[in-house]
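These notes concern the structure reproduced below.
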Amino acid sequence: MEIGGLDKVVYDYLSRPMRVIAISIPVRVNGSMVIFEGYRVQHNNALGPFKGGIRFHPEVTLEDDIALATLMTLKNSLAGIPYGGGKGAVRVDPKLLKANELEELSRGYVRALYSAIGPEIDIPAPDVGTNPQIMAWMVDEYSKIAGRNVPGVFTAKPVELWGNPVREYATGFGVMVTAREAWRNLFNSNLNEVKVSVHGFGNTGQWAAYWATKMGAKVVAVADTSGTVYDPNGLDVNKAMEVKNKSGKVINYPGGQKLSPDDALYVNADILIPSAIENTIRADNVTKVKAKLIVEGANGPTTPEAEEYLTKRGVVIVPDILANAGGVIMSYLEWVENLQWMTWSEEETRSKLEGIMVNNFKKVLNEYENLKKGGVTMRDAAIVTAVTRIEKAMKLRGWI
Ligand code: GLU
């Protein structure tokens with residue numbers, strides 16, 4: 001039986017996770033014990049160890065975590081790396097914790113999940129609200145319990161602790177490599193003077209803006225929850241990053257027009273890069289979007305209704321599982337280094353990452369051009385490519 005072109009048994013595998021682990025993490029906060037709720041969703045491991053980040057966010061639910069883990073299965077398959085998909089989460093606002101409390105929470109997460117993770121089992125990394133310092137605490141806790149150093153159990157670690165310098169900017173860099181390829185192939189031009197707007201100014205947004213400028217584009221707007229900074233003549237991205245990292249708010253940027261946070265979605269730009277969280281471009285605001293090309297830095301920023309509307313209008317959306325895969329592809333390169341106790345130089349690593357991103361874009365573009373007559377989107381093409389690889393692996397393993 002087939003569902004939407006998908007074999008029923010493949011659909012049954014991919015529409016639910018293989019394993020969900022729910023944990024409670026006690027942390028002493030300001031002198032009293034608080035129990036935090038956490039998860040690790042291990043969605044599918046047909047292609048290799050489960051792989052995906054850990055999110056620390058006050059509103060995250062198990063349902064969100066399952067959806068995000070599913071995206072990782074597809075992303076890792078599409079990327080051509082030997083991983084299945086997973087995602088972890090803790091319901092917490094990390095900004096409200098002191099450094100030692102955050103450390104205790106991170107170590108507690110690892111203690112609770114120790115037996116379920118490992119370099120050949122499940123390899124977590126950062127996501128929204130987590131960072132290399134948190135990975136350092138986690139890899140240390142895991143190594144202490146194991147009684148030996150195990151660098152390959154977490155990725156995106158600090159450079160001084162088995163990390164690679166490219167990982168810090170890999171997601172944003174990959175987003176812009178993909179944007180450059182999409183613009184060249186679909187709009188027949190290089191990025192010179194092309195106007196880019198970046199919504200969401202965390203790790204992905206900041207580095208996407210940085211590389212956009214490096215590639216010759218003009219970043220006209222950047223936004224975080226404090227607001228949008230807009231300048232049709234182009235912003236000084238280095239300055240914006242400095243302001244953001246010093247004060248926590250991009251709105252403190254000296255100069256430009258100050259608009260509300262979501263205005264970065266609506267300004268006059270050729271390319272829009274939504275890099276915040278899920279569901280930012282929706283049926284209720286999509287009519288205001290002016291960009292011709294949307295490159296998804298965040299996971300799931302466009303709702304299906306908004307995508308349908310934009311597709312009808314001729315706007316192309318480069319989907320998250322293709323556009324933001326630079327982070328996890330770099331994680332894979334770091335893991336390969338760790339397993340062999342070796343390192344590549346920054347330049348060598350970046351060129352490997354760029355090569356993989358460019359190739360993956362070509363692969364999806366081909367599928368997209370082949371299927372386009374049937375009215376499919378680039379997301380459909382990416383999903384078909386991803387599922388085909390997982391399906392083959394499941395068949396070979398005898399799962400289906
Ligand atoms: N959290 C990132 C993502 O959503 C990266 C995950 C990883 O490196 O494992 O793709």
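Identifiers for the structure tokens are assigned positionally: chains receive A, B, ... in sequence, residues are indexed from 1 per chain, and ligands are indexed from 1 in the order shown.
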
Given 9 Å and only C-alpha atoms and all ligand atoms, residues near ligand 1 as an mmCIF file with N, CA, C and O atoms, in the first residue's frame:
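And here is the file that came out, out27.cif:
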```cif
data_model
loop_
_atom_site.group_PDB
_atom_site.id
_atom_site.type_symbol
_atom_site.label_atom_id
_atom_site.label_comp_id
_atom_site.auth_asym_id
_atom_site.auth_seq_id
_atom_site.Cartn_x
_atom_site.Cartn_y
_atom_site.Cartn_z
ATOM 1 N N PHE A 50 21.992 7.585 15.752
ATOM 2 C CA PHE A 50 21.092 8.742 15.819
ATOM 3 C C PHE A 50 21.964 9.992 15.953
ATOM 4 O O PHE A 50 22.986 9.954 16.626
ATOM 5 N N LYS A 51 21.545 11.084 15.311
ATOM 6 C CA LYS A 51 22.361 12.313 15.387
ATOM 7 C C LYS A 51 21.462 13.524 15.355
ATOM 8 O O LYS A 51 20.563 13.624 14.509
ATOM 9 N N GLY A 52 21.710 14.446 16.256
ATOM 10 C CA GLY A 52 20.947 15.702 16.270
ATOM 11 C C GLY A 52 21.194 16.440 17.564
ATOM 12 O O GLY A 52 21.736 15.880 18.527
ATOM 13 N N GLY A 53 20.807 17.691 17.588
ATOM 14 C CA GLY A 53 21.129 18.573 18.707
ATOM 15 C C GLY A 53 20.291 18.352 19.953
ATOM 16 O O GLY A 53 19.418 17.483 20.011
ATOM 17 N N ILE A 54 20.618 19.159 20.970
ATOM 18 C CA ILE A 54 19.825 19.211 22.205
ATOM 19 C C ILE A 54 19.360 20.655 22.356
ATOM 20 O O ILE A 54 20.178 21.579 22.317
ATOM 21 N N ARG A 55 18.066 20.832 22.518
ATOM 22 C CA ARG A 55 17.494 22.168 22.624
ATOM 23 C C ARG A 55 17.173 22.493 24.080
ATOM 24 O O ARG A 55 16.553 21.682 24.761
ATOM 25 N N LEU A 68 11.217 17.582 15.388
ATOM 26 C CA LEU A 68 12.593 18.008 15.091
ATOM 27 C C LEU A 68 13.508 16.799 14.857
ATOM 28 O O LEU A 68 14.404 16.848 14.007
ATOM 29 N N ALA A 69 13.274 15.712 15.587
ATOM 30 C CA ALA A 69 14.071 14.491 15.392
ATOM 31 C C ALA A 69 13.789 13.894 14.010
ATOM 32 O O ALA A 69 14.690 13.388 13.336
ATOM 33 N N LEU A 71 12.922 15.569 11.358
ATOM 34 C CA LEU A 71 13.655 16.414 10.399
ATOM 35 C C LEU A 71 15.124 16.012 10.329
ATOM 36 O O LEU A 71 15.735 16.038 9.259
ATOM 37 N N MET A 72 15.708 15.645 11.487
ATOM 38 C CA MET A 72 17.124 15.234 11.494
ATOM 39 C C MET A 72 17.335 13.944 10.693
ATOM 40 O O MET A 72 18.339 13.809 9.994
ATOM 41 N N LYS A 75 17.296 15.116 7.187
ATOM 42 C CA LYS A 75 18.452 15.985 6.905
ATOM 43 C C LYS A 75 19.734 15.169 6.753
ATOM 44 O O LYS A 75 20.507 15.360 5.818
ATOM 45 N N ASN A 76 19.932 14.231 7.681
ATOM 46 C CA ASN A 76 21.166 13.444 7.663
ATOM 47 C C ASN A 76 21.196 12.506 6.469
ATOM 48 O O ASN A 76 22.251 12.276 5.875
ATOM 49 N N GLY A 85 18.567 9.904 12.688
ATOM 50 C CA GLY A 85 18.177 11.200 13.249
ATOM 51 C C GLY A 85 17.674 11.113 14.668
ATOM 52 O O GLY A 85 17.034 10.132 15.060
ATOM 53 N N GLY A 86 17.992 12.139 15.448
ATOM 54 C CA GLY A 86 17.498 12.228 16.819
ATOM 55 C C GLY A 86 17.474 13.678 17.254
ATOM 56 O O GLY A 86 17.986 14.551 16.545
ATOM 57 N N LYS A 87 16.881 13.950 18.381
ATOM 58 C CA LYS A 87 16.918 15.314 18.932
ATOM 59 C C LYS A 87 16.595 15.251 20.411
ATOM 60 O O LYS A 87 15.762 14.443 20.841
ATOM 61 N N ILE A 123 24.661 10.566 18.893
ATOM 62 C CA ILE A 123 25.669 11.622 19.036
ATOM 63 C C ILE A 123 24.996 12.993 19.079
ATOM 64 O O ILE A 123 24.692 13.571 18.041
ATOM 65 N N PRO A 124 24.745 13.523 20.275
ATOM 66 C CA PRO A 124 24.110 14.843 20.343
ATOM 67 C C PRO A 124 25.078 15.995 20.015
ATOM 68 O O PRO A 124 26.283 15.802 19.899
ATOM 69 N N ALA A 125 24.500 17.185 19.883
ATOM 70 C CA ALA A 125 25.240 18.401 19.520
ATOM 71 C C ALA A 125 24.398 19.585 20.007
ATOM 72 O O ALA A 125 23.318 19.383 20.546
ATOM 73 N N PRO A 126 24.844 20.816 19.798
ATOM 74 C CA PRO A 126 23.999 21.942 20.207
ATOM 75 C C PRO A 126 22.807 22.160 19.275
ATOM 76 O O PRO A 126 22.788 21.691 18.135
ATOM 77 N N ASP A 127 21.829 22.869 19.780
ATOM 78 C CA ASP A 127 20.687 23.355 19.007
ATOM 79 C C ASP A 127 20.318 24.692 19.664
ATOM 80 O O ASP A 127 21.160 25.280 20.357
ATOM 81 N N VAL A 128 19.105 25.152 19.483
ATOM 82 C CA VAL A 128 18.677 26.418 20.093
ATOM 83 C C VAL A 128 18.911 26.363 21.615
ATOM 84 O O VAL A 128 18.503 25.406 22.271
ATOM 85 N N PHE A 154 29.845 13.675 21.526
ATOM 86 C CA PHE A 154 29.156 14.952 21.266
ATOM 87 C C PHE A 154 29.936 15.681 20.182
ATOM 88 O O PHE A 154 31.156 15.519 20.092
ATOM 89 N N THR A 155 29.252 16.495 19.391
ATOM 90 C CA THR A 155 29.974 17.312 18.406
ATOM 91 C C THR A 155 29.680 18.792 18.647
ATOM 92 O O THR A 155 28.810 19.136 19.441
ATOM 93 N N ALA A 156 30.428 19.626 17.909
ATOM 94 C CA ALA A 156 30.407 21.079 18.110
ATOM 95 C C ALA A 156 30.970 21.433 19.477
ATOM 96 O O ALA A 156 30.439 22.269 20.201
ATOM 97 N N ARG A 167 33.178 24.611 13.010
ATOM 98 C CA ARG A 167 31.844 24.276 13.534
ATOM 99 C C ARG A 167 31.086 25.510 14.020
ATOM 100 O O ARG A 167 29.874 25.604 13.860
ATOM 101 N N THR A 171 26.866 26.301 10.221
ATOM 102 C CA THR A 171 25.466 26.325 9.782
ATOM 103 C C THR A 171 25.210 27.563 8.922
ATOM 104 O O THR A 171 24.687 27.465 7.803
ATOM 105 N N ALA A 298 16.565 28.242 9.899
ATOM 106 C CA ALA A 298 15.963 27.553 11.052
ATOM 107 C C ALA A 298 15.370 26.227 10.598
ATOM 108 O O ALA A 298 15.254 25.954 9.398
ATOM 109 N N ASN A 299 14.973 25.405 11.544
ATOM 110 C CA ASN A 299 14.242 24.180 11.237
ATOM 111 C C ASN A 299 12.748 24.505 11.254
ATOM 112 O O ASN A 299 12.233 25.036 12.234
ATOM 113 N N ASP A 320 14.848 23.695 4.867
ATOM 114 C CA ASP A 320 15.745 23.512 6.014
ATOM 115 C C ASP A 320 16.662 22.300 5.893
ATOM 116 O O ASP A 320 17.869 22.403 6.107
ATOM 117 N N ILE A 321 16.108 21.142 5.518
ATOM 118 C CA ILE A 321 16.930 19.918 5.553
ATOM 119 C C ILE A 321 18.078 19.971 4.539
ATOM 120 O O ILE A 321 19.049 19.241 4.665
ATOM 121 N N ASN A 324 20.174 24.158 5.933
ATOM 122 C CA ASN A 324 20.890 24.325 7.210
ATOM 123 C C ASN A 324 21.669 23.075 7.619
ATOM 124 O O ASN A 324 22.068 22.945 8.780
ATOM 125 N N ALA A 325 21.921 22.191 6.661
ATOM 126 C CA ALA A 325 22.633 20.947 6.982
ATOM 127 C C ALA A 325 24.125 21.155 7.244
ATOM 128 O O ALA A 325 24.821 20.231 7.677
ATOM 129 N N GLY A 326 24.632 22.361 7.006
ATOM 130 C CA GLY A 326 26.063 22.627 7.221
ATOM 131 C C GLY A 326 26.499 22.313 8.647
ATOM 132 O O GLY A 326 27.616 21.848 8.869
ATOM 133 N N GLY A 327 25.604 22.555 9.606
ATOM 134 C CA GLY A 327 25.937 22.283 11.009
ATOM 135 C C GLY A 327 26.197 20.814 11.234
ATOM 136 O O GLY A 327 27.245 20.415 11.765
ATOM 137 N N VAL A 328 25.264 19.999 10.812
ATOM 138 C CA VAL A 328 25.423 18.566 11.093
ATOM 139 C C VAL A 328 26.475 17.923 10.183
ATOM 140 O O VAL A 328 27.153 16.971 10.585
ATOM 141 N N ILE A 329 26.665 18.458 8.983
ATOM 142 C CA ILE A 329 27.731 17.922 8.114
ATOM 143 C C ILE A 329 29.090 18.206 8.767
ATOM 144 O O ILE A 329 29.976 17.358 8.808
ATOM 145 N N MET A 330 29.215 19.420 9.317
ATOM 146 C CA MET A 330 30.455 19.749 10.033
ATOM 147 C C MET A 330 30.599 18.871 11.272
ATOM 148 O O MET A 330 31.708 18.438 11.615
ATOM 149 N N SER A 331 29.490 18.585 11.941
ATOM 150 C CA SER A 331 29.533 17.671 13.094
ATOM 151 C C SER A 331 30.092 16.322 12.669
ATOM 152 O O SER A 331 30.891 15.706 13.376
ATOM 153 N N TYR A 332 29.662 15.869 11.507
ATOM 154 C CA TYR A 332 30.152 14.588 10.985
ATOM 155 C C TYR A 332 31.672 14.649 10.781
ATOM 156 O O TYR A 332 32.411 13.743 11.182
#
```

Next on the checklist: I'd like the contact shell of A:Pro119 - 8 Å cut-off, only C-alpha atoms, skipping same-chain residues fewer than 3 positions apart - returned as a PyMOL selection string.
Outcome noted: chain A and resi 49+122-123+150+152-154

Next on the checklist: I'd like the interatomic distance between atom CA of A:Ala221 and atom CA of A:Ile281, to a tenth of an Å.
Outcome noted: 16.5 Å

Next on the checklist: What parts of stretch 59-93 of chain A does DSSP call strand (DSSP E or B)? I'd like the answer as JSON, numbers by chain.
Outcome noted: {"A": [85, 86, 87, 88, 89, 90, 91]}

Could you dump the residues just selected with C-alpha atoms as a compact mmCIF listing (two decimals), in the first residue's frame?
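Wrote again-v2.txt, looks like this:
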```
# COMPACT_ATOMS: atom_id res chain seq x y z
CA GLY A 85 18.18 11.20 13.25
CA GLY A 86 17.50 12.23 16.82
CA LYS A 87 16.92 15.31 18.93
CA GLY A 88 17.00 16.15 22.60
CA ALA A 89 15.31 18.83 24.61
CA VAL A 90 15.06 20.27 28.09
CA ARG A 91 12.21 22.56 29.10
```

Tell me, as a CSV table (one decimal) with all heavy atoms, in the first residue's frame, which residues lie within 12 Å of A:Glu141, counting only C-alpha atoms; anything in the same chain fewer than 2 positions away does not count.
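part-v9.csv, written as the output of this step:
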```csv
chain,number,residue,atom,x,y,z
A,103,GLU,N,25.6,24.2,34.2
A,103,GLU,CA,26.5,23.1,34.2
A,103,GLU,C,25.9,21.9,34.8
A,103,GLU,O,26.0,20.8,34.2
A,103,GLU,CB,27.8,23.5,34.9
A,103,GLU,CG,28.8,22.3,35.0
A,103,GLU,CD,30.2,22.7,35.5
A,103,GLU,OE1,30.5,23.9,35.7
A,103,GLU,OE2,31.0,21.8,35.8
A,104,GLU,N,25.3,22.0,36.0
A,104,GLU,CA,24.7,20.9,36.6
A,104,GLU,C,23.5,20.3,35.8
A,104,GLU,O,23.4,19.1,35.7
A,104,GLU,CB,24.1,21.4,38.0
A,104,GLU,CG,23.9,20.3,39.0
A,104,GLU,CD,25.0,19.2,39.0
A,104,GLU,OE1,26.2,19.5,39.0
A,104,GLU,OE2,24.6,18.0,39.1
A,105,LEU,N,22.8,21.1,35.1
A,105,LEU,CA,21.7,20.7,34.3
A,105,LEU,C,22.3,19.8,33.1
A,105,LEU,O,21.8,18.8,32.8
A,105,LEU,CB,20.9,21.8,33.7
A,105,LEU,CG,19.7,21.5,32.8
A,105,LEU,CD1,18.6,20.8,33.5
A,105,LEU,CD2,19.2,22.8,32.1
A,106,SER,N,23.4,20.3,32.5
A,106,SER,CA,24.0,19.7,31.4
A,106,SER,C,24.6,18.3,31.8
A,106,SER,O,24.4,17.3,31.1
A,106,SER,CB,25.1,20.6,30.8
A,106,SER,OG,24.6,21.8,30.5
A,107,ARG,N,25.2,18.3,32.9
A,107,ARG,CA,25.8,17.1,33.4
A,107,ARG,C,24.7,16.1,33.8
A,107,ARG,O,24.8,14.9,33.5
A,107,ARG,CB,26.7,17.3,34.6
A,107,ARG,CG,28.0,18.1,34.2
A,107,ARG,CD,29.0,18.2,35.4
A,107,ARG,NE,30.1,19.0,35.1
A,107,ARG,CZ,31.2,18.5,34.5
A,107,ARG,NH1,31.3,17.2,34.2
A,107,ARG,NH2,32.3,19.3,34.3
A,108,GLY,N,23.6,16.6,34.4
A,108,GLY,CA,22.5,15.8,34.8
A,108,GLY,C,21.9,15.1,33.6
A,108,GLY,O,21.4,13.9,33.6
A,109,TYR,N,21.8,15.9,32.5
A,109,TYR,CA,21.2,15.3,31.2
A,109,TYR,C,22.0,14.1,30.8
A,109,TYR,O,21.5,13.1,30.4
A,109,TYR,CB,21.2,16.4,30.2
A,109,TYR,CG,20.5,16.1,28.9
A,109,TYR,CD1,19.1,16.2,28.8
A,109,TYR,CD2,21.2,15.6,27.8
A,109,TYR,CE1,18.5,15.9,27.6
A,109,TYR,CE2,20.6,15.2,26.6
A,109,TYR,CZ,19.2,15.4,26.5
A,109,TYR,OH,18.5,15.0,25.4
A,110,VAL,N,23.3,14.2,30.9
A,110,VAL,CA,24.2,13.1,30.4
A,110,VAL,C,24.1,11.9,31.4
A,110,VAL,O,24.0,10.8,30.9
A,110,VAL,CB,25.7,13.6,30.3
A,110,VAL,CG1,26.6,12.4,30.0
A,110,VAL,CG2,25.8,14.7,29.2
A,111,ARG,N,24.1,12.2,32.7
A,111,ARG,CA,24.0,11.1,33.6
A,111,ARG,C,22.7,10.3,33.4
A,111,ARG,O,22.7,9.1,33.4
A,111,ARG,CB,24.0,11.6,35.1
A,111,ARG,CG,25.4,12.0,35.5
A,111,ARG,CD,25.5,12.1,37.1
A,111,ARG,NE,24.6,13.2,37.6
A,111,ARG,CZ,25.0,14.5,37.7
A,111,ARG,NH1,26.3,14.8,37.3
A,111,ARG,NH2,24.2,15.4,38.1
A,112,ALA,N,21.6,11.0,33.1
A,112,ALA,CA,20.3,10.3,32.9
A,112,ALA,C,20.3,9.5,31.6
A,112,ALA,O,19.6,8.5,31.5
A,112,ALA,CB,19.2,11.3,32.9
A,113,LEU,N,21.1,9.9,30.6
A,113,LEU,CA,21.0,9.3,29.3
A,113,LEU,C,22.3,8.5,29.0
A,113,LEU,O,22.4,8.0,27.8
A,113,LEU,CB,20.9,10.4,28.2
A,113,LEU,CG,19.5,11.0,28.1
A,113,LEU,CD1,19.5,12.2,27.2
A,113,LEU,CD2,18.5,10.0,27.6
A,114,TYR,N,23.2,8.3,29.9
A,114,TYR,CA,24.5,7.7,29.6
A,114,TYR,C,24.4,6.5,28.8
A,114,TYR,O,25.1,6.3,27.7
A,114,TYR,CB,25.2,7.4,30.9
A,114,TYR,CG,26.6,6.8,30.7
A,114,TYR,CD1,27.6,7.5,30.2
A,114,TYR,CD2,26.7,5.4,30.9
A,114,TYR,CE1,28.8,6.9,29.9
A,114,TYR,CE2,27.9,4.8,30.6
A,114,TYR,CZ,29.0,5.5,30.1
A,114,TYR,OH,30.2,4.9,29.8
A,134,ILE,N,28.5,24.0,26.8
A,134,ILE,CA,27.6,22.9,27.3
A,134,ILE,C,28.1,21.6,26.7
A,134,ILE,O,28.1,20.6,27.5
A,134,ILE,CB,26.1,23.3,26.9
A,134,ILE,CG1,25.7,24.5,27.7
A,134,ILE,CG2,25.2,22.1,27.1
A,134,ILE,CD1,24.3,25.0,27.4
A,135,MET,N,28.5,21.5,25.5
A,135,MET,CA,29.1,20.3,24.9
A,135,MET,C,30.3,19.8,25.7
A,135,MET,O,30.6,18.7,25.9
A,135,MET,CB,29.4,20.4,23.5
A,135,MET,CG,28.2,20.7,22.5
A,135,MET,SD,26.9,19.4,22.7
A,135,MET,CE,25.6,20.5,23.5
A,136,ALA,N,31.1,20.8,26.1
A,136,ALA,CA,32.4,20.5,26.9
A,136,ALA,C,32.0,19.8,28.2
A,136,ALA,O,32.6,18.8,28.6
A,136,ALA,CB,33.2,21.8,27.1
A,137,TRP,N,31.0,20.4,28.9
A,137,TRP,CA,30.5,19.8,30.2
A,137,TRP,C,30.0,18.4,30.0
A,137,TRP,O,30.3,17.5,30.7
A,137,TRP,CB,29.5,20.7,30.9
A,137,TRP,CG,29.9,22.0,31.4
A,137,TRP,CD1,31.1,22.2,32.0
A,137,TRP,CD2,29.2,23.2,31.4
A,137,TRP,NE1,31.2,23.5,32.4
A,137,TRP,CE2,30.1,24.2,32.0
A,137,TRP,CE3,28.0,23.6,31.0
A,137,TRP,CZ2,29.7,25.5,32.2
A,137,TRP,CZ3,27.6,25.0,31.1
A,137,TRP,CH2,28.5,25.9,31.8
A,138,MET,N,29.3,18.3,28.9
A,138,MET,CA,28.6,17.0,28.6
A,138,MET,C,29.7,15.9,28.2
A,138,MET,O,29.6,14.8,28.7
A,138,MET,CB,27.6,17.1,27.5
A,138,MET,CG,26.4,17.9,27.9
A,138,MET,SD,25.1,17.9,26.6
A,138,MET,CE,23.7,18.5,27.6
A,139,VAL,N,30.6,16.3,27.4
A,139,VAL,CA,31.6,15.3,27.0
A,139,VAL,C,32.5,14.9,28.2
A,139,VAL,O,32.9,13.8,28.3
A,139,VAL,CB,32.5,15.8,25.8
A,139,VAL,CG1,33.6,16.7,26.2
A,139,VAL,CG2,33.1,14.6,25.0
A,143,SER,N,32.7,11.2,29.7
A,143,SER,CA,34.1,10.6,29.8
A,143,SER,C,34.4,10.1,31.2
A,143,SER,O,35.0,9.1,31.4
A,143,SER,CB,35.1,11.6,29.3
A,143,SER,OG,34.9,11.8,28.0
A,144,LYS,N,33.9,10.9,32.2
A,144,LYS,CA,34.1,10.5,33.6
A,144,LYS,C,33.4,9.2,33.9
A,144,LYS,O,33.9,8.3,34.6
A,144,LYS,CB,33.6,11.6,34.5
A,144,LYS,CG,34.6,12.7,34.8
A,144,LYS,CD,34.0,13.7,35.8
A,144,LYS,CE,35.0,14.8,36.1
A,144,LYS,NZ,34.2,16.0,36.4
A,145,ILE,N,32.2,9.1,33.5
A,145,ILE,CA,31.4,7.9,33.8
A,145,ILE,C,32.0,6.7,33.0
A,145,ILE,O,32.1,5.6,33.6
A,145,ILE,CB,29.9,8.0,33.4
A,145,ILE,CG1,29.3,9.2,34.1
A,145,ILE,CG2,29.1,6.7,33.6
A,145,ILE,CD1,27.9,9.6,33.6
A,146,ALA,N,32.5,6.9,31.8
A,146,ALA,CA,33.1,5.9,31.0
A,146,ALA,C,34.4,5.4,31.5
A,146,ALA,O,34.9,4.3,31.3
A,146,ALA,CB,33.2,6.3,29.5
A,147,GLY,N,35.1,6.4,32.2
A,147,GLY,CA,36.4,6.1,32.7
A,147,GLY,C,37.5,6.2,31.7
A,147,GLY,O,38.6,5.7,31.8
A,148,ARG,N,37.1,6.9,30.6
A,148,ARG,CA,38.1,7.1,29.5
A,148,ARG,C,37.6,8.3,28.7
A,148,ARG,O,36.5,8.7,28.7
A,148,ARG,CB,38.3,5.9,28.6
A,148,ARG,CG,37.0,5.5,27.9
A,148,ARG,CD,37.1,4.2,27.1
A,148,ARG,NE,36.0,4.1,26.1
A,148,ARG,CZ,34.8,3.7,26.4
A,148,ARG,NH1,34.4,3.4,27.7
A,148,ARG,NH2,33.9,3.7,25.5
A,149,ASN,N,38.5,8.9,27.9
A,149,ASN,CA,38.1,10.0,27.1
A,149,ASN,C,37.3,9.5,25.8
A,149,ASN,O,37.8,8.7,25.1
A,149,ASN,CB,39.3,10.8,26.6
A,149,ASN,CG,39.9,11.7,27.7
A,149,ASN,OD1,39.2,12.6,28.2
A,149,ASN,ND2,41.1,11.4,28.2
A,150,VAL,N,36.2,10.1,25.7
A,150,VAL,CA,35.3,9.7,24.5
A,150,VAL,C,34.9,10.9,23.7
A,150,VAL,O,33.8,11.4,23.8
A,150,VAL,CB,34.1,8.9,25.0
A,150,VAL,CG1,33.3,8.4,23.8
A,150,VAL,CG2,34.4,7.9,26.0
A,151,PRO,N,35.8,11.5,22.9
A,151,PRO,CA,35.5,12.7,22.2
A,151,PRO,C,34.4,12.6,21.2
A,151,PRO,O,33.6,13.6,21.0
A,151,PRO,CB,36.8,13.1,21.5
A,151,PRO,CG,37.6,11.8,21.5
A,151,PRO,CD,37.2,11.0,22.6
A,153,VAL,N,31.4,11.4,21.3
A,153,VAL,CA,30.0,11.2,21.7
A,153,VAL,C,29.2,12.5,21.5
A,153,VAL,O,28.0,12.5,21.5
A,153,VAL,CB,29.9,10.7,23.1
A,153,VAL,CG1,30.7,11.6,24.1
A,153,VAL,CG2,28.5,10.5,23.6
A,154,PHE,N,29.8,13.7,21.5
A,154,PHE,CA,29.2,15.0,21.3
A,154,PHE,C,29.9,15.7,20.2
A,154,PHE,O,31.2,15.5,20.1
A,154,PHE,CB,29.1,15.8,22.5
A,154,PHE,CG,28.3,15.3,23.6
A,154,PHE,CD1,28.8,14.5,24.6
A,154,PHE,CD2,26.9,15.5,23.6
A,154,PHE,CE1,28.0,14.0,25.6
A,154,PHE,CE2,26.1,15.0,24.6
A,154,PHE,CZ,26.7,14.2,25.6
```

With stretch 179-186 of chain A as the partner and 9 Å as the cut-off, tabulate the residues of stretch 333-395 of chain A that qualify, each row holding the nearest pair of atoms and their distance in Å to one decimal, using only C-alpha atoms, sorted by chain and rising number, as a Markdown table.
```
| residue | atom | partner | partner_atom | distance |
| --- | --- | --- | --- | --- |
| A:Val358 | CA | A:Glu181 | CA | 7.1 |
| A:Phe361 | CA | A:Glu181 | CA | 7.3 |
| A:Lys362 | CA | A:Glu181 | CA | 8.4 |
| A:Leu365 | CA | A:Ala182 | CA | 8.5 |
```

Next on the checklist: Which residues are near A:Lys249? Cut-off 12 Å, only C-alpha atoms, ignore same chain within fewer than 3 positions. Put them as a PyMOL selection string.
Outcome noted: chain A and resi 200-202+222-229+240-246+252-254+261

Next on the checklist: What's around A:Ala22 at 9 Å? Count only C-alpha atoms, leave out sequence neighbours fewer than 5 positions away in its own chain, and write the answer as an MDAnalysis selection string.
Outcome noted: chainID A and resid 37:41 62

Checklist entry - Leaving out A:Lys157 and any residue of its chain fewer than 5 positions from it, which residues lie within 8 Å of it when counting only C-alpha atoms, given as a ChimeraX atom specification? => result /A:132-133,135-136,162-164

Convert the current residue selection to file output with C-alpha atoms, as a CSV table (one decimal), in the first residue's frame.
```csv
chain,number,residue,atom,x,y,z
A,132,PRO,CA,30.1,24.5,22.8
A,133,GLN,CA,30.6,25.1,26.5
A,135,MET,CA,29.1,20.3,24.9
A,136,ALA,CA,32.4,20.5,26.9
A,162,TRP,CA,38.5,18.1,20.3
A,163,GLY,CA,36.4,20.7,18.3
A,164,ASN,CA,37.0,22.1,14.9
```

Item to check | Residue list (alpha helix (DSSP H), DSSP) for stretch 122-347 of chain A, as a VMD selection string | outcome: chain A and resid 132 to 146 170 to 187 203 to 214 237 to 247 304 to 312 320 to 323 326 to 339 346 to 347

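The shortest atom-to-atom distance to A:Glu63, with only C-alpha atoms taken into account, belongs to A:Arg16 out of A:Arg16, A:Lys258, A:Lys218, A:Arg28.
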